[in-house]
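S.K.: So that we are looking at the same thing, I have put the structure below in C-alpha cells.
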Amino acid sequence: MSEQRLYPGSGQDERTSFAPYSAFDIPADLRTLHGRFDVEAVALRVRNWRYAEEWMMMIMGGWVATIPELPVKTGLGKIIWDSAVAADELGKRLPELRCGSKVGQFGSQPGNEGFAALIQEISSPESPELTIEKLTGIFDVLKPHLVDVYERFCTETDQICDAPTIILLEDITRRSRAHIAWGNTILDELCKDAASEQRRAKRRDELAAMLAECGGVTGEEAVVTH
Amino acid sequence: MKRFIDHDELARDSRFIRQDGAANSVLATLPDDVDTVVDIFEQLAPMIEKATRGTAAEPLYEEYGPAYNLVVLNEPIHPDDPALVNRLRFRLHGILIGELQALEGASRSLWDFPEAPWEFKMNMARQAWDEARHVQIYEKLLQYMGGEIGDYPENTFLFECACSEDPAMRVAGVNRGLEGLACDVFRDLIRYAEKVGDDTIKQAVDFVLADEITHVRFGSNWVKEFTKDDPDYFKRTQEFRREVDKRFSFGGARSARADAAIPLAVQDRLEAGFTAEEIDEIGALSAGGPSRETLREAARILAERHRAKKAQQTQTAAE
C-alpha cells in the first residue's frame, strides 16, 4: 500500500533545497511578545476610542448648519466622513477581540462619566458667533489628545499579536494629524486679534483641565497638555 | 446643542443675501389661469423686488419684473439666449444653495437622530462629505461662468420643507424628494453642456449626478427600513415626499409634460431606486400646475406692466 499524501509538495523527494529563513541575511525580528494590554483591555480601549470618534462625527454634524464660514462648513464635511470611517473601523475590530455581539450595534463606551461630560461640554457651543469655541474643542483639545493616546498605545501593545489594532490606529492617526493641521490653520485665521486668541486659549485651558481631570478618553491616560 | 433647528437658524457669512421663500411656495399652488398668476405675482412684487435689489438678479427684475423667476425657471436655457450668462449663473447659484442646504440637512441628521442605526449614520456622514464637495464644485463652476457667491439671493425653502423631525420623513423629503429633483436638474444641465460642447461643466456635473443617485438610493433604502413593519408610516412618508415633490416642481417647470423646462430624469431615477409607478406619479403631480403657455403669457403681462410702471415713475420724476 502506497503512502497516503495529504498535501502536495510534502513528500520526502519533493522537499525544496532552500535553506531555512534564518540562513538569509535578513534582520532578525526583534519584536517581543507580551504587550501592556490583554485582549479584554484592548477591546475596552477600542470601545472608548470609538465613543470619541462617533461623538466627534455627530457634534461636527450638528455644527455645520450653525457655522457661518463657508470653508469651515465644507472642510468639516470631509472630517465628519473621516471620523465616521474611524468609528466604523474601530467597531469592526471589536468582534475580532471577542467583543462583538455583547456590545450591541454601536460598541461605543465612554471611558468614564467625566469623559462623557467632557464630550457634552465640547458639543455645547451653538450660536454662529462661537466658531472659535466649537473648533477649539475638537482641534486643539480632543483630536491632539486622541493622537497622543493612539500613538502611545501603538508602542505599548503587543506588536505581533495586536498588529491589526496598530495598523488601524496608524491610519486614523495619519488622518487625524491632517485634521488638526486644518483646524489650526482655520483657528489661526479666526484668531488674529488678541481678544479672539484669548477666547481660544480660555476655551482650550478649560477643556484641557476637564480632560486631565477625567483621565482622558479611557479614564486612565496621563494627559499631555499641548 | 439642541436637537433640530429652524430654517432661519442656518448660519451664513456676509456674502449671502436671505430672501423670503414665499414666491417658491406659491409656485406649487398656482392654477392654470393667467389672471390668477398675474394677480398673485403683483401682490408679491414688493417682496421680490426688495430681495433682488443690489444683487445680480436686479437686471433680470428690471427686464422681466416680478415674474423674472417664471422666465428663468420656465424657459429652457438656449445657447442663443441674450440673458444666457446671467441665467446660467442664476441656476448654478441656485444649485450651490441647494447643495449647501443639503450639506446642512445631512449633517444635522447625525446630530438630530442619535439613536439611528449605525449604517444610517455612515450614509449621512458620507452624504455630508459629498454635499460639501458639491458646494465646492458649484462654487468653482459659478466662478468659471464669471459669478460669485452672493450674486443672487438665497431662500431656505429647501431646508424648511424637507428637514422633518422624523428620520423616515427626512430621508423621504431630502434624499428622495430633493435629491431626485437634483437628478432632473443636473441631467438637464449635462444636456445643455453637451449642446454647447462645454466639457468642464459636463464632466463636473456628471460626477455630482452620480453622487446624487447614490443619495437617492440611501433614501430609498432607509425609508423602506424605517417603515418596514408599519404600512401606515410608509404611506405617510410617501405623502410627505409627494408634497416635497409638488413644491419643487416650480409650477410644472420640472415635470413629465412635453413642454417641461426641466424634464424628469427617468433613467437616473430608476437607477436610484424609484419605481416606474413613483416616477409616473411625480410626473402627474408636477403636471398639475399652470402650463408653460399660461406662465409665458402671465410673464409677458407682468413684464409689460412693470415697464409701464417704470416709465410712469420716470415721467413723474421728470415733472
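Residues are referred to by chain and number: the chain letter is A, B, ... according to the order shown in the C-alpha cells, the number counts from 1 in that chain, and ligands are numbered separately from 1 in the order shown.
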Which polymer residues have any atom within 12 Å of an atom of A:Gly216, counting only C-alpha atoms, with same-chain residues fewer than 4 positions away left out, as an MDAnalysis selection string?

M.R.: chainID A and resid 45 48:49 52 110:119 141:150 207:212 220:225

S.K.: With 8 Å as the limit and counting only C-alpha atoms, what residues in chain A lie close to chain B? Please list them as an NGL selection string.

M.R.: :A and (57-70 or 73-81 or 84-85 or 105-106 or 123-126 or 128)

S.K.: What does the structure give for the distance between atom CA of B:Tyr68 and atom CA of B:Asp259, in Å to one decimal?

M.R.: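 Pair atom CA of B:Tyr68 / atom CA of B:Asp259 returns 18.6 Å.
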
S.K.: Stretch 120-152 of chain B: which residues are helix (DSSP H, G or I) by DSSP, as a ChimeraX atom specification?

M.R.: /B:120-144

S.K.: Env of B:Ile213: 9 Å cut, atoms = only C-alpha atoms, seq-sep filter 5 positions within chain, self excluded. Answer as a compact mmCIF listing (two decimals) with N, CA and C atoms, in the first residue's frame.

M.R.:
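And here's around.txt as it stands now:
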# COMPACT_ATOMS: atom_id res chain seq x y z
N GLU B 179 -33.18 65.25 -3.64
CA GLU B 179 -32.08 64.68 -4.42
C GLU B 179 -32.60 64.13 -5.75
N GLY B 180 -33.87 63.70 -5.75
CA GLY B 180 -34.50 63.29 -7.01
C GLY B 180 -34.62 64.48 -7.95
N CYS B 183 -31.39 65.20 -9.53
CA CYS B 183 -31.12 64.33 -10.69
C CYS B 183 -31.71 64.95 -11.96
N VAL B 208 -21.24 64.81 -10.03
CA VAL B 208 -22.19 65.18 -8.97
C VAL B 208 -23.47 64.34 -9.11
N PHE B 218 -29.72 55.90 -0.92
CA PHE B 218 -29.74 55.90 0.56
C PHE B 218 -31.18 56.11 1.04
N ASP B 268 -32.11 57.94 -14.64
CA ASP B 268 -31.35 58.18 -13.41
C ASP B 268 -32.20 57.84 -12.19
N ARG B 269 -33.47 58.19 -12.24
CA ARG B 269 -34.37 57.91 -11.11
C ARG B 269 -34.57 56.41 -10.93
N GLU B 271 -32.44 54.10 -11.72
CA GLU B 271 -31.19 53.57 -11.17
C GLU B 271 -31.08 53.87 -9.67
N ALA B 272 -31.71 54.98 -9.26
CA ALA B 272 -31.61 55.38 -7.85
C ALA B 272 -32.63 54.69 -6.97
N GLY B 273 -33.49 53.87 -7.53
CA GLY B 273 -34.42 53.11 -6.69
C GLY B 273 -35.86 53.57 -6.75

S.K.: Could you pull the residues within 9 Å of A:Ala87, counting only C-alpha atoms, minus those fewer than 5 positions along the same chain, as number ranges by chain?

M.R.: A: 49-54, 57, 82, 92, 108

S.K.: I'd like the neighbourhood of B:Arg305 as number ranges by chain, where a residue qualifies if any of its atoms comes within 12 Å (using only C-alpha atoms), though same-chain residues fewer than 3 positions away should be ignored.

M.R.: B: 38-39, 41-42, 45, 62-67, 298-302, 308-312

S.K.: In Å, rounded to a single decimal, give me how far atom CA of B:Ile97 is from atom CA of B:Arg18.

M.R.: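 For atom CA of B:Arg18 relative to atom CA of B:Ile97, the distance reads 11.0 Å.
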
S.K.: Excluding B:Gly177 and residues on its chain fewer than 6 positions from it, collect all residues at most 10 Å away from it, counting only C-alpha atoms, and give them as a list in words.

M.R.: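 Counting only the stated atoms, we get Ala162, Arg170, Val171, Val216, Gly219, Gln238, Phe240, Arg241, Arg242, Glu243, Val244, Asp245, Lys246, Arg247, Phe248 and Ile282 of chain B.
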
S.K.: Produce a file of the selected residues containing C-alpha atoms, as a PDB file, in the first residue's frame.

M.R.:
ATOM      1  CA  ALA B 162     -37.557  68.892   3.781  1.00  0.00           C
ATOM      2  CA  ARG B 170     -36.425  63.468   6.438  1.00  0.00           C
ATOM      3  CA  VAL B 171     -34.844  60.920   4.118  1.00  0.00           C
ATOM      4  CA  VAL B 216     -31.447  58.891  -3.553  1.00  0.00           C
ATOM      5  CA  GLY B 219     -33.189  57.457   0.869  1.00  0.00           C
ATOM      6  CA  GLN B 238     -44.765  58.756   0.641  1.00  0.00           C
ATOM      7  CA  PHE B 240     -44.610  63.791   2.592  1.00  0.00           C
ATOM      8  CA  ARG B 241     -42.299  63.071  -0.347  1.00  0.00           C
ATOM      9  CA  ARG B 242     -45.170  63.836  -2.750  1.00  0.00           C
ATOM     10  CA  GLU B 243     -45.720  67.170  -1.008  1.00  0.00           C
ATOM     11  CA  VAL B 244     -41.994  67.996  -1.337  1.00  0.00           C
ATOM     12  CA  ASP B 245     -42.044  66.916  -4.987  1.00  0.00           C
ATOM     13  CA  LYS B 246     -45.035  69.106  -5.700  1.00  0.00           C
ATOM     14  CA  ARG B 247     -43.486  72.140  -4.049  1.00  0.00           C
ATOM     15  CA  PHE B 248     -40.293  71.627  -6.048  1.00  0.00           C
ATOM     16  CA  ILE B 282     -44.170  62.541  -9.857  1.00  0.00           C
TER      17      ILE B 282
END

S.K.: Taking 6 positions as the minimum chain separation for residues in the same chain, which residues sit within 7 Å of stretch 195-206 of chain A when counting only C-alpha atoms? Answer as a PyMOL selection string.

M.R.: chain A and resi 132-133+136-137+140-141

S.K.: Limited to C-alpha atoms, could you put the picked residues into a file as a PDB file, in the first residue's frame?

M.R.:
ATOM      1  CA  ILE A 132     -13.699  79.555  17.720  1.00  0.00           C
ATOM      2  CA  GLU A 133     -15.120  77.769  20.773  1.00  0.00           C
ATOM      3  CA  THR A 136     -11.019  74.656  19.721  1.00  0.00           C
ATOM      4  CA  GLY A 137     -12.742  71.770  21.491  1.00  0.00           C
ATOM      5  CA  ASP A 140      -6.944  71.991  19.949  1.00  0.00           C
ATOM      6  CA  VAL A 141      -8.002  69.550  22.646  1.00  0.00           C
TER       7      VAL A 141
END

S.K.: Rounded to one decimal place, report the atom CA of A:Leu130-atom CA of A:Pro71 distance in Å.

M.R.: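 Between atom CA of A:Leu130 and atom CA of A:Pro71 the gap is 15.5 Å.
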